[in-house]
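One file, final26.tsv, is given below (TSV, N, CA and C atoms).
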```tsv
chain	number	residue	atom	x	y	z
C	280	MET	N	0.83	-1.19	0.00
C	280	MET	CA	0.00	0.00	0.00
C	280	MET	C	0.86	1.25	0.00
C	281	ARG	N	1.99	1.20	0.70
C	281	ARG	CA	2.84	2.38	0.80
C	281	ARG	C	3.45	2.76	-0.54
C	282	GLU	N	3.55	1.80	-1.48
C	282	GLU	CA	4.07	2.12	-2.79
C	282	GLU	C	3.07	2.98	-3.58
C	283	ILE	N	1.80	2.80	-3.31
C	283	ILE	CA	0.75	3.52	-4.03
C	283	ILE	C	0.41	4.83	-3.36
C	284	VAL	N	0.29	4.81	-2.05
C	284	VAL	CA	-0.11	6.00	-1.29
C	284	VAL	C	1.14	6.64	-0.70
C	285	ASP	N	1.38	7.88	-1.09
C	285	ASP	CA	2.51	8.61	-0.54
C	285	ASP	C	2.08	10.04	-0.24
C	286	THR	N	3.01	10.84	0.22
C	286	THR	CA	2.66	12.21	0.58
C	286	THR	C	2.21	13.02	-0.62
C	287	ASN	N	2.68	12.66	-1.81
C	287	ASN	CA	2.24	13.37	-3.01
C	287	ASN	C	0.75	13.14	-3.27
C	288	LEU	N	0.31	11.91	-3.13
C	288	LEU	CA	-1.10	11.61	-3.32
C	288	LEU	C	-1.94	12.32	-2.27
C	289	ILE	N	-1.44	12.36	-1.06
C	289	ILE	CA	-2.17	13.04	0.02
C	289	ILE	C	-2.31	14.53	-0.28
C	290	GLU	N	-1.24	15.14	-0.76
C	290	GLU	CA	-1.30	16.57	-1.12
C	290	GLU	C	-2.30	16.78	-2.25
C	291	LEU	N	-2.30	15.87	-3.20
C	291	LEU	CA	-3.24	15.95	-4.31
C	291	LEU	C	-4.68	15.85	-3.80
C	292	MET	N	-4.92	14.95	-2.87
C	292	MET	CA	-6.26	14.79	-2.30
C	292	MET	C	-6.69	16.06	-1.56
C	293	GLU	N	-5.75	16.69	-0.88
C	293	GLU	CA	-6.07	17.94	-0.17
C	293	GLU	C	-6.44	19.04	-1.16
C	294	ARG	N	-5.74	19.10	-2.28
C	294	ARG	CA	-6.06	20.11	-3.30
C	294	ARG	C	-7.45	19.86	-3.90
C	295	VAL	N	-7.75	18.60	-4.16
C	295	VAL	CA	-9.07	18.27	-4.72
C	295	VAL	C	-10.16	18.56	-3.69
C	296	ALA	N	-9.89	18.30	-2.42
C	296	ALA	CA	-10.86	18.61	-1.37
C	296	ALA	C	-11.11	20.12	-1.31
C	297	ALA	N	-10.06	20.90	-1.47
C	297	ALA	CA	-10.22	22.36	-1.46
C	297	ALA	C	-11.06	22.80	-2.65
C	298	ARG	N	-10.82	22.20	-3.80
C	298	ARG	CA	-11.61	22.54	-4.99
C	298	ARG	C	-13.07	22.12	-4.80
C	299	ALA	N	-13.28	20.96	-4.19
C	299	ALA	CA	-14.64	20.49	-3.93
C	299	ALA	C	-15.36	21.46	-3.00
C	300	THR	N	-14.66	21.95	-2.00
C	300	THR	CA	-15.26	22.92	-1.08
C	300	THR	C	-15.64	24.19	-1.82
C	301	GLN	N	-14.76	24.66	-2.69
C	301	GLN	CA	-15.06	25.86	-3.48
C	301	GLN	C	-16.30	25.66	-4.34
C	302	ARG	N	-16.51	24.45	-4.79
C	302	ARG	CA	-17.66	24.14	-5.66
C	302	ARG	C	-18.92	23.79	-4.87
C	303	GLY	N	-18.79	23.78	-3.53
C	303	GLY	CA	-19.95	23.48	-2.70
C	303	GLY	C	-20.19	22.00	-2.49
C	304	ASN	N	-19.24	21.16	-2.86
C	304	ASN	CA	-19.35	19.72	-2.67
C	304	ASN	C	-18.76	19.35	-1.31
C	305	PHE	N	-19.45	19.74	-0.25
C	305	PHE	CA	-18.91	19.60	1.09
C	305	PHE	C	-18.81	18.14	1.53
C	306	GLY	N	-19.73	17.31	1.10
C	306	GLY	CA	-19.67	15.89	1.46
C	306	GLY	C	-18.42	15.25	0.89
C	307	THR	N	-18.13	15.53	-0.37
C	307	THR	CA	-16.92	15.00	-1.01
C	307	THR	C	-15.68	15.54	-0.32
C	308	ALA	N	-15.67	16.83	-0.04
C	308	ALA	CA	-14.51	17.46	0.61
C	308	ALA	C	-14.27	16.83	1.98
C	309	ASN	N	-15.32	16.67	2.75
C	309	ASN	CA	-15.16	16.07	4.08
C	309	ASN	C	-14.66	14.63	4.00
C	310	PHE	N	-15.21	13.88	3.04
C	310	PHE	CA	-14.76	12.50	2.86
C	310	PHE	C	-13.26	12.47	2.54
C	311	LEU	N	-12.83	13.30	1.60
C	311	LEU	CA	-11.42	13.33	1.22
C	311	LEU	C	-10.53	13.75	2.39
C	312	LEU	N	-10.97	14.76	3.14
C	312	LEU	CA	-10.16	15.23	4.25
C	312	LEU	C	-10.06	14.18	5.36
C	313	ASP	N	-11.14	13.45	5.60
C	313	ASP	CA	-11.10	12.35	6.57
C	313	ASP	C	-10.13	11.26	6.11
C	314	LEU	N	-10.20	10.95	4.84
C	314	LEU	CA	-9.30	9.94	4.28
C	314	LEU	C	-7.85	10.42	4.35
C	315	VAL	N	-7.63	11.68	4.06
C	315	VAL	CA	-6.29	12.25	4.16
C	315	VAL	C	-5.73	12.08	5.57
C	316	GLN	N	-6.55	12.38	6.55
C	316	GLN	CA	-6.09	12.25	7.94
C	316	GLN	C	-5.70	10.81	8.27
C	317	GLU	N	-6.52	9.86	7.84
C	317	GLU	CA	-6.21	8.46	8.09
C	317	GLU	C	-4.92	8.04	7.38
C	318	LEU	N	-4.75	8.49	6.15
C	318	LEU	CA	-3.55	8.14	5.40
C	318	LEU	C	-2.30	8.77	6.02
C	319	LYS	N	-2.43	10.01	6.49
C	319	LYS	CA	-1.29	10.66	7.14
C	319	LYS	C	-0.85	9.88	8.37
C	320	GLU	N	-1.82	9.42	9.14
C	320	GLU	CA	-1.50	8.64	10.34
C	320	GLU	C	-0.82	7.32	9.95
C	321	MET	N	-1.30	6.71	8.89
C	321	MET	CA	-0.75	5.45	8.44
C	321	MET	C	0.69	5.62	7.93
C	322	LEU	N	0.96	6.73	7.29
C	322	LEU	CA	2.26	6.96	6.68
C	322	LEU	C	3.22	7.74	7.57
C	323	ALA	N	2.81	8.07	8.77
C	323	ALA	CA	3.62	8.93	9.64
C	323	ALA	C	5.08	8.52	9.73
C	324	PRO	N	5.42	7.24	9.90
C	324	PRO	CA	6.84	6.89	9.99
C	324	PRO	C	7.59	7.01	8.67
C	325	GLN	N	6.86	7.02	7.56
C	325	GLN	CA	7.49	7.05	6.25
C	325	GLN	C	7.74	8.49	5.83
C	326	LYS	N	8.95	8.79	5.44
C	326	LYS	CA	9.31	10.12	4.95
C	326	LYS	C	9.87	9.98	3.55
C	327	GLU	N	9.52	10.93	2.67
C	327	GLU	CA	10.05	10.91	1.32
C	327	GLU	C	11.25	11.82	1.22
C	328	SER	N	12.04	11.57	0.23
C	328	SER	CA	13.20	12.43	0.03
C	328	SER	C	12.74	13.79	-0.49
C	329	GLY	N	13.52	14.80	-0.20
C	329	GLY	CA	13.19	16.15	-0.63
C	329	GLY	C	13.10	16.27	-2.14
C	330	GLY	N	13.89	15.46	-2.86
C	330	GLY	CA	13.87	15.51	-4.32
C	330	GLY	C	12.54	15.08	-4.89
C	331	GLU	N	11.94	14.04	-4.31
C	331	GLU	CA	10.63	13.58	-4.79
C	331	GLU	C	9.56	14.62	-4.51
C	332	GLU	N	9.62	15.23	-3.34
C	332	GLU	CA	8.62	16.26	-3.01
C	332	GLU	C	8.75	17.46	-3.93
C	333	LYS	N	9.99	17.83	-4.25
C	333	LYS	CA	10.21	18.96	-5.15
C	333	LYS	C	9.67	18.63	-6.56
C	334	ALA	N	9.93	17.41	-7.02
C	334	ALA	CA	9.44	16.99	-8.34
C	334	ALA	C	7.92	17.05	-8.37
C	335	TYR	N	7.29	16.57	-7.31
C	335	TYR	CA	5.83	16.59	-7.26
C	335	TYR	C	5.31	18.02	-7.29
C	336	SER	N	5.97	18.90	-6.59
C	336	SER	CA	5.57	20.31	-6.59
C	336	SER	C	5.65	20.89	-8.00
C	337	VAL	N	6.69	20.54	-8.73
C	337	VAL	CA	6.83	21.00	-10.12
C	337	VAL	C	5.72	20.40	-10.97
C	338	TYR	N	5.42	19.11	-10.76
C	338	TYR	CA	4.33	18.47	-11.50
C	338	TYR	C	3.03	19.25	-11.30
C	339	MET	N	2.74	19.57	-10.06
C	339	MET	CA	1.49	20.26	-9.76
C	339	MET	C	1.46	21.66	-10.37
C	340	GLN	N	2.58	22.34	-10.40
C	340	GLN	CA	2.65	23.66	-11.02
C	340	GLN	C	2.35	23.56	-12.51
C	341	VAL	N	2.93	22.56	-13.16
C	341	VAL	CA	2.70	22.37	-14.59
C	341	VAL	C	1.24	21.98	-14.86
C	342	ILE	N	0.69	21.11	-14.04
C	342	ILE	CA	-0.70	20.70	-14.21
C	342	ILE	C	-1.64	21.89	-14.01
C	343	GLU	N	-1.38	22.71	-13.01
C	343	GLU	CA	-2.20	23.90	-12.80
C	343	GLU	C	-2.08	24.85	-13.98
C	344	GLU	N	-0.86	24.97	-14.53
C	344	GLU	CA	-0.66	25.81	-15.71
C	344	GLU	C	-1.48	25.27	-16.88
C	345	LEU	N	-1.49	23.95	-17.05
C	345	LEU	CA	-2.27	23.33	-18.12
C	345	LEU	C	-3.77	23.57	-17.92
C	346	LEU	N	-4.24	23.41	-16.69
C	346	LEU	CA	-5.66	23.57	-16.41
C	346	LEU	C	-6.13	25.02	-16.64
C	347	ASN	N	-5.22	25.97	-16.51
C	347	ASN	CA	-5.60	27.37	-16.62
C	347	ASN	C	-5.19	28.04	-17.93
C	348	CYS	N	-4.56	27.28	-18.82
C	348	CYS	CA	-4.07	27.88	-20.06
C	348	CYS	C	-5.18	28.02	-21.10
C	349	PRO	N	-4.98	28.95	-22.05
C	349	PRO	CA	-5.96	29.06	-23.15
C	349	PRO	C	-5.90	27.81	-24.03
C	350	SER	N	-7.00	27.51	-24.65
C	350	SER	CA	-7.06	26.34	-25.52
C	350	SER	C	-6.00	26.43	-26.61
C	351	GLY	N	-5.29	25.33	-26.79
C	351	GLY	CA	-4.25	25.28	-27.80
C	351	GLY	C	-2.85	25.53	-27.27
C	352	ALA	N	-2.73	26.02	-26.06
C	352	ALA	CA	-1.41	26.33	-25.49
C	352	ALA	C	-0.79	25.13	-24.78
C	353	GLU	N	-1.52	24.03	-24.67
C	353	GLU	CA	-1.06	22.86	-23.92
C	353	GLU	C	0.26	22.29	-24.48
C	354	THR	N	0.34	22.19	-25.79
C	354	THR	CA	1.54	21.60	-26.40
C	354	THR	C	2.78	22.41	-26.07
C	355	GLU	N	2.67	23.71	-26.14
C	355	GLU	CA	3.81	24.57	-25.83
C	355	GLU	C	4.21	24.45	-24.35
C	356	ILE	N	3.23	24.37	-23.48
C	356	ILE	CA	3.52	24.20	-22.05
C	356	ILE	C	4.25	22.89	-21.81
C	357	LEU	N	3.74	21.82	-22.41
C	357	LEU	CA	4.38	20.51	-22.26
C	357	LEU	C	5.78	20.51	-22.86
C	358	ARG	N	5.93	21.15	-23.99
C	358	ARG	CA	7.24	21.22	-24.64
C	358	ARG	C	8.24	21.97	-23.75
C	359	SER	N	7.78	23.04	-23.13
C	359	SER	CA	8.69	23.82	-22.29
C	359	SER	C	9.05	23.11	-20.98
C	360	HIS	N	8.28	22.08	-20.64
C	360	HIS	CA	8.55	21.31	-19.42
C	360	HIS	C	8.86	19.85	-19.74
C	361	GLN	N	9.33	19.56	-20.93
C	361	GLN	CA	9.56	18.17	-21.33
C	361	GLN	C	10.57	17.45	-20.45
C	362	ASP	N	11.43	18.19	-19.79
C	362	ASP	CA	12.43	17.56	-18.92
C	362	ASP	C	11.83	16.91	-17.68
C	363	ILE	N	10.59	17.27	-17.32
C	363	ILE	CA	9.98	16.67	-16.13
C	363	ILE	C	8.92	15.62	-16.48
C	364	ILE	N	8.68	15.42	-17.75
C	364	ILE	CA	7.63	14.47	-18.14
C	364	ILE	C	8.19	13.06	-18.06
C	365	ASP	N	7.69	12.33	-17.08
C	365	ASP	CA	8.09	10.94	-16.86
C	365	ASP	C	6.86	10.18	-16.38
C	366	ILE	N	7.05	8.93	-16.03
C	366	ILE	CA	5.92	8.11	-15.62
C	366	ILE	C	5.22	8.67	-14.38
C	367	ARG	N	5.99	9.25	-13.46
C	367	ARG	CA	5.38	9.82	-12.25
C	367	ARG	C	4.52	11.03	-12.60
C	368	PHE	N	4.94	11.83	-13.56
C	368	PHE	CA	4.12	12.96	-13.99
C	368	PHE	C	2.81	12.46	-14.58
C	369	ILE	N	2.90	11.44	-15.41
C	369	ILE	CA	1.69	10.89	-16.04
C	369	ILE	C	0.78	10.26	-14.99
C	370	LEU	N	1.34	9.55	-14.03
C	370	LEU	CA	0.53	8.99	-12.95
C	370	LEU	C	-0.16	10.08	-12.14
C	371	THR	N	0.55	11.18	-11.92
C	371	THR	CA	-0.05	12.31	-11.21
C	371	THR	C	-1.22	12.87	-12.01
C	372	LEU	N	-1.04	13.01	-13.32
C	372	LEU	CA	-2.15	13.47	-14.18
C	372	LEU	C	-3.36	12.54	-14.04
C	373	ARG	N	-3.12	11.26	-14.09
C	373	ARG	CA	-4.21	10.28	-14.03
C	373	ARG	C	-4.88	10.25	-12.65
C	374	GLN	N	-4.08	10.37	-11.59
C	374	GLN	CA	-4.65	10.41	-10.24
C	374	GLN	C	-5.53	11.64	-10.08
C	375	LEU	N	-5.05	12.76	-10.55
C	375	LEU	CA	-5.83	14.00	-10.44
C	375	LEU	C	-7.09	13.90	-11.28
C	376	ALA	N	-6.99	13.33	-12.47
C	376	ALA	CA	-8.17	13.16	-13.32
C	376	ALA	C	-9.22	12.29	-12.63
C	377	ALA	N	-8.77	11.22	-11.97
C	377	ALA	CA	-9.71	10.34	-11.26
C	377	ALA	C	-10.39	11.08	-10.12
C	378	MET	N	-9.63	11.89	-9.43
C	378	MET	CA	-10.23	12.65	-8.33
C	378	MET	C	-11.21	13.69	-8.85
C	379	PHE	N	-10.88	14.32	-9.95
C	379	PHE	CA	-11.81	15.28	-10.54
C	379	PHE	C	-13.10	14.58	-10.96
C	380	THR	N	-12.98	13.38	-11.50
C	380	THR	CA	-14.16	12.61	-11.86
C	380	THR	C	-15.02	12.35	-10.63
C	381	ASP	N	-14.37	11.97	-9.55
C	381	ASP	CA	-15.09	11.65	-8.31
C	381	ASP	C	-15.86	12.82	-7.74
C	382	ILE	N	-15.38	14.04	-7.97
C	382	ILE	CA	-16.09	15.21	-7.42
C	382	ILE	C	-16.96	15.90	-8.47
C	383	GLY	N	-17.11	15.27	-9.62
C	383	GLY	CA	-18.01	15.81	-10.63
C	383	GLY	C	-17.38	16.85	-11.55
C	384	GLU	N	-16.08	16.97	-11.55
C	384	GLU	CA	-15.37	17.90	-12.43
C	384	GLU	C	-15.01	17.16	-13.72
C	385	LYS	N	-16.04	16.82	-14.49
C	385	LYS	CA	-15.87	15.98	-15.67
C	385	LYS	C	-14.97	16.61	-16.72
C	386	LYS	N	-15.15	17.90	-16.99
C	386	LYS	CA	-14.34	18.56	-18.02
C	386	LYS	C	-12.86	18.55	-17.66
C	387	ALA	N	-12.54	18.87	-16.41
C	387	ALA	CA	-11.14	18.86	-15.98
C	387	ALA	C	-10.56	17.45	-16.07
C	388	ALA	N	-11.34	16.46	-15.67
C	388	ALA	CA	-10.88	15.07	-15.72
C	388	ALA	C	-10.60	14.64	-17.16
C	389	GLU	N	-11.52	14.94	-18.06
C	389	GLU	CA	-11.34	14.57	-19.46
C	389	GLU	C	-10.14	15.29	-20.07
C	390	PHE	N	-9.98	16.55	-19.71
C	390	PHE	CA	-8.86	17.34	-20.20
C	390	PHE	C	-7.53	16.70	-19.80
C	391	LEU	N	-7.40	16.33	-18.53
C	391	LEU	CA	-6.16	15.72	-18.06
C	391	LEU	C	-5.93	14.35	-18.68
C	392	GLN	N	-7.01	13.58	-18.87
C	392	GLN	CA	-6.88	12.28	-19.52
C	392	GLN	C	-6.42	12.44	-20.97
C	393	LYS	N	-6.95	13.46	-21.66
C	393	LYS	CA	-6.55	13.70	-23.05
C	393	LYS	C	-5.08	14.06	-23.14
C	394	ILE	N	-4.54	14.65	-22.11
C	394	ILE	CA	-3.11	14.95	-22.07
C	394	ILE	C	-2.32	13.70	-21.73
C	395	ALA	N	-2.81	12.91	-20.79
C	395	ALA	CA	-2.07	11.73	-20.30
C	395	ALA	C	-1.93	10.64	-21.37
C	396	VAL	N	-2.95	10.44	-22.19
C	396	VAL	CA	-2.92	9.34	-23.16
C	396	VAL	C	-1.76	9.47	-24.15
C	397	PRO	N	-1.62	10.59	-24.87
C	397	PRO	CA	-0.49	10.67	-25.80
C	397	PRO	C	0.88	10.70	-25.10
C	398	LEU	N	0.92	11.26	-23.90
C	398	LEU	CA	2.18	11.25	-23.16
C	398	LEU	C	2.58	9.83	-22.80
C	399	THR	N	1.60	9.01	-22.42
C	399	THR	CA	1.86	7.61	-22.09
C	399	THR	C	2.37	6.87	-23.32
C	400	GLN	N	1.73	7.12	-24.46
C	400	GLN	CA	2.14	6.46	-25.70
C	400	GLN	C	3.56	6.90	-26.10
C	401	ALA	N	3.83	8.18	-25.99
C	401	ALA	CA	5.16	8.69	-26.34
C	401	ALA	C	6.23	8.12	-25.42
C	402	LEU	N	5.91	8.03	-24.15
C	402	LEU	CA	6.88	7.50	-23.19
C	402	LEU	C	7.12	6.02	-23.43
C	403	SER	N	6.07	5.27	-23.75
C	403	SER	CA	6.26	3.84	-23.99
C	403	SER	C	7.02	3.59	-25.30
C	404	ASN	N	6.94	4.50	-26.25
C	404	ASN	CA	7.67	4.36	-27.50
C	404	ASN	C	9.16	4.65	-27.34
C	405	THR	N	9.51	5.43	-26.32
C	405	THR	CA	10.92	5.75	-26.11
C	405	THR	C	11.62	4.70	-25.26
C	406	ASN	N	10.86	3.83	-24.62
C	406	ASN	CA	11.48	2.80	-23.76
C	406	ASN	C	11.62	1.49	-24.43
```
With the file now loaded, output its structure as structure tokens.
Amino acid sequence: MREIVDTNLIELMERVAARATQRGNFGTANFLLDLVQELKEMLAPQKESGGEEKAYSVYMQVIEELLNCPSGAETEILRSHQDIIDIRFILTLRQLAAMFTDIGEKKAAEFLQKIAVPLTQALSNTN
């Protein structure tokens, strides 16, 4: 379980809970925050390296930039950040898309999935 759930996922869940609260989805937000608390307690002895946390922070900055960019600017954003696009970035995109789906943010979820699919294909072609 610890391989799947880490502090990055917990931070992502907190961000989605905040977005759910902004949208008035208080039940979803409370559920996520309760789950976050349980996961934090479970992972308390486990600490991640600072490098992984920094990478995740960069991933989230790029994803936020993608979510807020004008239509058509996605390719340029991804191109300018191609040095950070790896399997963990793609997994973060997919995790966030799943959480957006869960709180009813269908457009955001579909948008992130549309980005993740070609990135996954490109990454698998280079390996």
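The nearest approach to Gln374 of chain C among the residues C:Ile356, C:Met339, C:Ala334, C:Ala308, with only C-alpha atoms taken into account, belongs to C:Met339.
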Mind checking which residues fall within 9 Å of segment 383-396 of chain C, counting only C-alpha atoms, ignoring those fewer than 2 positions away in the same chain, and posting them as a PyMOL selection string? chain C and resi 299+304+342+345-346+353+368-370+372-373+375-381+398-401
What is the distance between atom C of Val341 of chain C and atom C of Ile382 of chain C, in Å to one decimal? 20.2 Å
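Of note, atom CA of Ile366 of chain C and atom CA of Thr307 of chain C are spaced 28.0 Å apart.
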Could you work out how far atom CA of Arg298 of chain C lies from atom CA of Glu332 of chain C, giving the answer in Å with one decimal? 21.3 Å
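Nearest to Ala297 of chain C of all the residues C:Leu312, C:Asp285, C:Tyr335, C:Gln340 is C:Leu312, counting only N, CA and C atoms.
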Counting only C-alpha atoms, the option among C:Ser359, C:Thr371, C:Gln301, C:Ser403 closest to Ile289 of chain C: C:Thr371
